[in-house]
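Structure data follow from structure_37.pdb (PDB, C-alpha atoms):
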```
ATOM      1  CA  MET A   1      19.522 -33.910   9.176
ATOM      2  CA  ALA A   2      17.788 -30.843  10.625
ATOM      3  CA  THR A   3      15.626 -29.040   8.122
ATOM      4  CA  LYS A   4      14.710 -25.376   8.157
ATOM      5  CA  ILE A   5      12.020 -23.463   6.376
ATOM      6  CA  ARG A   6      13.690 -20.214   5.388
ATOM      7  CA  LEU A   7      13.688 -17.360   2.945
ATOM      8  CA  GLN A   8      16.084 -17.405   0.003
ATOM      9  CA  ARG A   9      16.820 -13.942  -1.382
ATOM     10  CA  ARG A  10      16.054 -13.219  -5.007
ATOM     11  CA  GLY A  11      15.512 -10.033  -6.994
ATOM     12  CA  ARG A  12      17.784  -7.127  -7.728
ATOM     13  CA  LYS A  13      19.565  -4.684  -5.455
ATOM     14  CA  GLY A  14      17.064  -2.509  -3.626
ATOM     15  CA  TYR A  15      14.131  -4.728  -4.607
ATOM     16  CA  ALA A  16      14.291  -7.882  -2.514
ATOM     17  CA  PHE A  17      12.108 -10.825  -3.460
ATOM     18  CA  TYR A  18      12.226 -14.093  -1.564
ATOM     19  CA  ALA A  19      11.609 -17.770  -2.231
ATOM     20  CA  ILE A  20      10.316 -19.811   0.719
ATOM     21  CA  VAL A  21      12.410 -22.980   0.706
ATOM     22  CA  ILE A  22      13.077 -26.110   2.720
ATOM     23  CA  ALA A  23      16.816 -26.390   3.301
ATOM     24  CA  ASP A  24      19.332 -28.228   5.443
ATOM     25  CA  SER A  25      20.068 -26.079   8.512
ATOM     26  CA  ARG A  26      23.791 -26.130   7.624
ATOM     27  CA  ALA A  27      23.246 -24.759   4.082
ATOM     28  CA  PRO A  28      23.887 -21.046   3.481
ATOM     29  CA  ARG A  29      20.952 -18.654   3.031
ATOM     30  CA  ASP A  30      21.109 -18.577  -0.755
ATOM     31  CA  GLY A  31      22.656 -22.011  -1.158
ATOM     32  CA  ARG A  32      21.247 -25.460  -1.862
ATOM     33  CA  PHE A  33      17.709 -26.274  -0.870
ATOM     34  CA  ILE A  34      15.513 -29.352  -0.795
ATOM     35  CA  GLU A  35      12.220 -27.930  -2.021
ATOM     36  CA  LYS A  36      10.736 -24.550  -2.946
ATOM     37  CA  ILE A  37       7.298 -24.168  -1.366
ATOM     38  CA  GLY A  38       6.438 -20.577  -2.207
ATOM     39  CA  THR A  39       7.418 -16.959  -2.724
ATOM     40  CA  TYR A  40       7.244 -13.800  -0.615
ATOM     41  CA  ASN A  41       7.272 -10.273  -2.054
ATOM     42  CA  PRO A  42       7.487  -7.584   0.668
ATOM     43  CA  ASN A  43       7.588  -4.762  -1.913
ATOM     44  CA  THR A  44       3.837  -4.750  -2.543
ATOM     45  CA  ASP A  45       1.232  -3.305  -0.187
ATOM     46  CA  PRO A  46       0.169  -5.603   1.409
ATOM     47  CA  ALA A  47       3.023  -8.078   0.996
ATOM     48  CA  THR A  48       2.308 -10.827  -1.540
ATOM     49  CA  VAL A  49       2.666 -14.458  -0.472
ATOM     50  CA  ASP A  50       2.281 -17.374  -2.875
ATOM     51  CA  LEU A  51       2.470 -20.576  -0.836
ATOM     52  CA  ASN A  52       1.982 -24.259  -1.586
ATOM     53  CA  PHE A  53      -0.164 -24.832   1.510
ATOM     54  CA  GLU A  54      -0.088 -28.648   1.475
ATOM     55  CA  ALA A  55       3.708 -28.830   1.065
ATOM     56  CA  ALA A  56       4.231 -26.289   3.846
ATOM     57  CA  LEU A  57       1.869 -28.187   6.157
ATOM     58  CA  SER A  58       3.563 -31.527   5.454
ATOM     59  CA  TRP A  59       7.021 -30.085   6.199
ATOM     60  CA  VAL A  60       5.794 -28.436   9.419
ATOM     61  CA  LEU A  61       4.231 -31.753  10.476
ATOM     62  CA  LYS A  62       7.552 -33.509   9.726
ATOM     63  CA  GLY A  63       9.296 -31.138  12.137
ATOM     64  CA  ALA A  64      10.969 -28.560   9.893
ATOM     65  CA  GLN A  65      11.810 -25.465  11.929
ATOM     66  CA  PRO A  66      10.902 -22.139  10.297
ATOM     67  CA  THR A  67      12.805 -18.893  10.779
ATOM     68  CA  ASP A  68      10.961 -16.103  12.589
ATOM     69  CA  THR A  69       9.824 -14.376   9.404
ATOM     70  CA  VAL A  70       8.683 -17.623   7.799
ATOM     71  CA  ARG A  71       6.856 -18.612  11.006
ATOM     72  CA  SER A  72       4.951 -15.343  10.792
ATOM     73  CA  ILE A  73       4.123 -15.948   7.121
ATOM     74  CA  LEU A  74       2.984 -19.527   7.763
ATOM     75  CA  SER A  75       0.883 -18.434  10.722
ATOM     76  CA  HIS A  76      -0.706 -15.677   8.656
ATOM     77  CA  GLU A  77      -1.529 -18.154   5.885
ATOM     78  CA  GLY A  78      -3.086 -20.620   8.349
ATOM     79  CA  VAL A  79      -0.554 -23.448   8.275
ATOM     80  CA  TYR A  80      -0.139 -23.412  12.047
ATOM     81  CA  MET A  81      -3.916 -23.202  12.591
ATOM     82  CA  LYS A  82      -4.347 -26.297  10.425
ATOM     83  CA  LYS A  83      -1.517 -28.061  12.343
ATOM     84  CA  HIS A  84      -3.222 -27.189  15.627
ATOM     85  CA  LEU A  85      -6.556 -28.568  14.405
ATOM     86  CA  LEU A  86      -4.929 -31.756  13.106
ATOM     87  CA  GLY A  87      -3.351 -32.191  16.549
ATOM     88  CA  GLY A  88      -6.855 -32.031  18.053
ATOM     89  CA  VAL A  89      -8.033 -34.679  15.597
ATOM     90  CA  ALA A  90      -5.066 -36.923  16.538
ATOM     91  CA  LYS A  91      -5.944 -36.596  20.228
ATOM     92  CA  GLY A  92      -9.585 -37.425  19.528
ATOM     93  CA  ALA A  93     -10.975 -34.076  20.705
ATOM     94  CA  PHE A  94     -13.061 -33.756  17.526
ATOM     95  CA  GLY A  95     -13.382 -35.302  14.091
ATOM     96  CA  GLU A  96     -11.750 -34.521  10.768
ATOM     97  CA  ALA A  97     -14.935 -32.918   9.408
ATOM     98  CA  GLU A  98     -15.227 -30.576  12.398
ATOM     99  CA  ALA A  99     -11.551 -29.635  12.028
ATOM    100  CA  GLU A 100     -12.158 -28.730   8.363
ATOM    101  CA  ALA A 101     -15.271 -26.734   9.313
ATOM    102  CA  ARG A 102     -13.341 -24.818  11.991
ATOM    103  CA  PHE A 103     -10.499 -24.107   9.573
ATOM    104  CA  GLU A 104     -12.910 -22.847   6.897
ATOM    105  CA  ALA A 105     -14.674 -20.640   9.488
ATOM    106  CA  TRP A 106     -11.301 -19.223  10.573
ATOM    107  CA  LYS A 107     -10.307 -18.637   6.951
ATOM    108  CA  ASN A 108     -13.608 -16.895   6.092
ATOM    109  CA  ASN A 109     -13.367 -14.738   9.214
ATOM    110  CA  LYS A 110      -9.828 -13.719   8.284
ATOM    111  CA  GLN A 111     -10.823 -12.957   4.679
ATOM    112  CA  SER A 112     -13.784 -10.825   5.791
ATOM    113  CA  GLY A 113     -11.478  -8.933   8.167
ATOM    114  CA  LEU A 114      -9.027  -8.322   5.326
ATOM    115  CA  ALA A 115     -11.856  -7.155   3.061
ATOM    116  CA  ALA A 116     -13.056  -4.741   5.755
ATOM    117  CA  LEU A 117      -9.517  -3.433   6.209
ATOM    118  CA  LYS A 118      -9.137  -2.938   2.446
ATOM    119  CA  ALA A 119     -12.481  -1.116   2.295
ATOM    120  CA  LYS A 120     -11.410   1.120   5.161
ATOM    121  CA  GLN A 121      -8.118   1.909   3.407
ATOM    122  CA  GLU A 122      -9.966   2.707   0.166
ATOM    123  CA  GLU A 123     -12.372   4.985   2.050
ATOM    124  CA  ALA A 124      -9.460   6.776   3.725
ATOM    125  CA  LYS A 125      -7.774   7.135   0.332
ATOM    126  CA  ARG A 126     -10.946   8.623  -1.186
ATOM    127  CA  ALA A 127     -11.346  11.002   1.771
ATOM    128  CA  ALA A 128      -7.734  12.136   1.445
ATOM    129  CA  GLU A 129      -8.203  12.680  -2.294
ATOM    130  CA  LYS A 130     -11.372  14.679  -1.662
ATOM    131  CA  ALA A 131      -9.624  16.803   0.979
ATOM    132  CA  ARG A 132      -6.727  17.404  -1.406
ATOM    133  CA  LEU A 133      -9.104  18.479  -4.159
ATOM    134  CA  GLU A 134     -10.937  20.841  -1.778
ATOM    135  CA  ALA A 135      -7.643  22.380  -0.693
ATOM    136  CA  GLU A 136      -6.606  22.753  -4.325
ATOM    137  CA  LYS A 137      -9.944  24.447  -5.140
ATOM    138  CA  LYS A 138      -9.439  26.923  -2.289
ATOM    139  CA  VAL A 139      -5.922  27.722  -3.493
ATOM    140  CA  ASN A 140      -7.174  28.164  -7.065
ATOM    141  CA  GLU A 141     -10.003  30.441  -5.879
ATOM    142  CA  ALA A 142      -7.537  32.531  -3.876
ATOM    143  CA  LYS A 143      -5.248  32.815  -6.921
ATOM    144  CA  ALA A 144      -8.190  33.764  -9.168
ATOM    145  CA  LYS A 145      -9.321  36.396  -6.652
ATOM    146  CA  ALA A 146      -5.790  37.841  -6.437
ATOM    147  CA  ILE A 147      -5.529  37.948 -10.245
ATOM    148  CA  ALA A 148      -8.951  39.619 -10.521
ATOM    149  CA  GLU A 149      -7.949  42.236  -7.930
ATOM    150  CA  LYS A 150      -4.689  42.870  -9.770
ATOM    151  CA  LYS A 151      -6.511  43.286 -13.093
ATOM    152  CA  ALA A 152      -9.050  45.616 -11.459
ATOM    153  CA  ALA A 153      -6.215  47.692  -9.989
ATOM    154  CA  GLU A 154      -4.496  47.830 -13.400
ATOM    155  CA  GLU A 155      -7.757  48.886 -15.072
ATOM    156  CA  ALA A 156      -8.299  51.571 -12.427
ATOM    157  CA  ALA A 157      -4.739  52.829 -12.899
ATOM    158  CA  LYS A 158      -5.192  52.828 -16.671
ATOM    159  CA  ALA A 159      -8.494  54.698 -16.362
ATOM    160  CA  ALA A 160      -6.907  57.211 -13.969
ATOM    161  CA  ALA A 161      -4.021  57.727 -16.403
ATOM    162  CA  GLU A 162      -6.432  58.338 -19.297
ATOM    163  CA  ALA A 163      -8.653  60.729 -17.308
ATOM    164  CA  PRO A 164      -5.971  63.455 -16.769
ATOM    165  CA  GLU A 165      -5.043  63.256 -20.441
ATOM    166  CA  GLU A 166      -8.649  63.976 -21.383
ATOM    167  CA  ASN A 167      -8.829  66.781 -18.807
ATOM    168  CA  ALA A 168      -5.516  68.251 -19.892
ATOM    169  CA  PRO A 169      -6.674  69.330 -23.392
ATOM    170  CA  SER A 170      -9.793  70.949 -21.975
ATOM    171  CA  GLU A 171      -7.639  72.825 -19.457
ATOM    172  CA  GLU A 172      -5.468  73.999 -22.327
ATOM    173  CA  ALA A 173      -8.580  75.045 -24.209
ATOM    174  CA  ALA A 174      -9.788  76.900 -21.131
ATOM    175  CA  THR A 175      -6.408  78.596 -20.840
ATOM    176  CA  GLU A 176      -6.554  79.603 -24.503
ATOM    177  CA  ASN A 177     -10.077  80.942 -24.048
ATOM    178  CA  ASN A 178      -8.925  83.027 -21.062
ATOM    179  CA  ALA A 179      -5.990  84.369 -23.034
ATOM    180  CA  ALA A 180      -8.215  85.270 -25.982
ATOM    181  CA  GLU A 181     -10.550  87.268 -23.834
TER
END
```

Do you think you could lay out the structure here as structure tokens?
Amino acid sequence: MATKIRLQRRGRKGYAFYAIVIADSRAPRDGRFIEKIGTYNPNTDPATVDLNFEAALSWVLKGAQPTDTVRSILSHEGVYMKKHLLGGVAKGAFGEAEAEARFEAWKNNKQSGLAALKAKQEEAKRAAEKARLEAEKKVNEAKAKAIAEKKAAEEAAKAAAEAPEENAPSEEAATENNAAE
């Protein structure tokens, strides 16, 4: 019996969620499976993987063939690194303790790289937010300036309209004075 490590689709339409399962190679994608070893959610950023590391490693060591996507997930989680190190132990290249130390060093290096990437993304997000706020301030200042100019023009027009009315009665008075003389 040839076993495969594959994804089994779950979730609703438009929101795929996958279970990582061990299945017979002849079984359909969403059909019977031997064991569920984890889940994969590609909808989050970054994608969320919940994996039973020991079960995945034991099935890979037994010869289960993963699909391309699952191979990528297992490699990203370190299952293939651990398999490679265990192969070195079996050949006598180094001891079990050194293999564990190398795996932990690899894992810490990967985690620090992920932390740096997350920090960089957060910094870029903050910079974008700051730039957006600056642009919004400029737009608001331009709108306020335009409104102030409009109000000033309205006030000037209102003052100009009131000034002839004040001058008009004095002109009439001057006309009356001229007529009386």

Using all atoms listed in the file, give me every residue within 12 Å of (7.4, -9.1, -4.0) in file coordinates, as an mmCIF file with C-alpha atoms, keeping the file's coordinate frame.
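Dumped to out.cif:
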```cif
data_model
loop_
_atom_site.group_PDB
_atom_site.id
_atom_site.type_symbol
_atom_site.label_atom_id
_atom_site.label_comp_id
_atom_site.auth_asym_id
_atom_site.auth_seq_id
_atom_site.Cartn_x
_atom_site.Cartn_y
_atom_site.Cartn_z
ATOM 1 C CA ARG A 9 16.820 -13.942 -1.382
ATOM 2 C CA ARG A 10 16.054 -13.219 -5.007
ATOM 3 C CA GLY A 11 15.512 -10.033 -6.994
ATOM 4 C CA ARG A 12 17.784 -7.127 -7.728
ATOM 5 C CA GLY A 14 17.064 -2.509 -3.626
ATOM 6 C CA TYR A 15 14.131 -4.728 -4.607
ATOM 7 C CA ALA A 16 14.291 -7.882 -2.514
ATOM 8 C CA PHE A 17 12.108 -10.825 -3.460
ATOM 9 C CA TYR A 18 12.226 -14.093 -1.564
ATOM 10 C CA ALA A 19 11.609 -17.770 -2.231
ATOM 11 C CA GLY A 38 6.438 -20.577 -2.207
ATOM 12 C CA THR A 39 7.418 -16.959 -2.724
ATOM 13 C CA TYR A 40 7.244 -13.800 -0.615
ATOM 14 C CA ASN A 41 7.272 -10.273 -2.054
ATOM 15 C CA PRO A 42 7.487 -7.584 0.668
ATOM 16 C CA ASN A 43 7.588 -4.762 -1.913
ATOM 17 C CA THR A 44 3.837 -4.750 -2.543
ATOM 18 C CA ASP A 45 1.232 -3.305 -0.187
ATOM 19 C CA PRO A 46 0.169 -5.603 1.409
ATOM 20 C CA ALA A 47 3.023 -8.078 0.996
ATOM 21 C CA THR A 48 2.308 -10.827 -1.540
ATOM 22 C CA VAL A 49 2.666 -14.458 -0.472
ATOM 23 C CA ASP A 50 2.281 -17.374 -2.875
#
```

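When the PyMOL selection byres ((chain A and resi 81-89) around 9) is evaluated on the file shown here, the picked residues come out as Leu57, Val60, Leu61, Ser75, Glu77, Gly78, Val79, Tyr80, Ala90, Lys91, Gly92, Ala93, Phe94, Gly95, Glu96, Glu98, Ala99, Glu100, Arg102, Phe103 and Trp106 of chain A.
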
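When the distance limit is 10 Å and only C-alpha atoms are what count, the residues near Ser25 in chain A, minus those fewer than 6 positions from it on the same chain, are Met1, Ala2, Thr3, Lys4, Ile5, Arg6, Phe33, Ala64 and Gln65 of chain A.
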
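A straight line drawn from CA of Lys36 in chain A to CA of Lys107 in chain A is 24.0 Å long.
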
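Rounded to one decimal, CA of Val70 in chain A and CA of Ile37 in chain A lie 11.3 Å from each other.
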
Q: Name the residues that the PyMOL selection byres ((chain A and resi 29) around 9) picks from the file above, as a PyMOL selection string, using the file's chain letters and numbers.
A: chain A and resi 6-9+23+27-28+30-32

Could you give me the axis-aligned bounding box of range 49-64 of chain A, with 8 Å of padding per side, as centre plus edge lengths in Å to one decimal, as lines of an AutoDock Vina configuration file?
```
center_x = 5.4
center_y = -24.0
center_z = 4.6
size_x = 27.1
size_y = 35.1
size_z = 31.0
```

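We find CA of Arg126 in chain A and CA of Glu141 in chain A to be spaced 22.3 Å apart.
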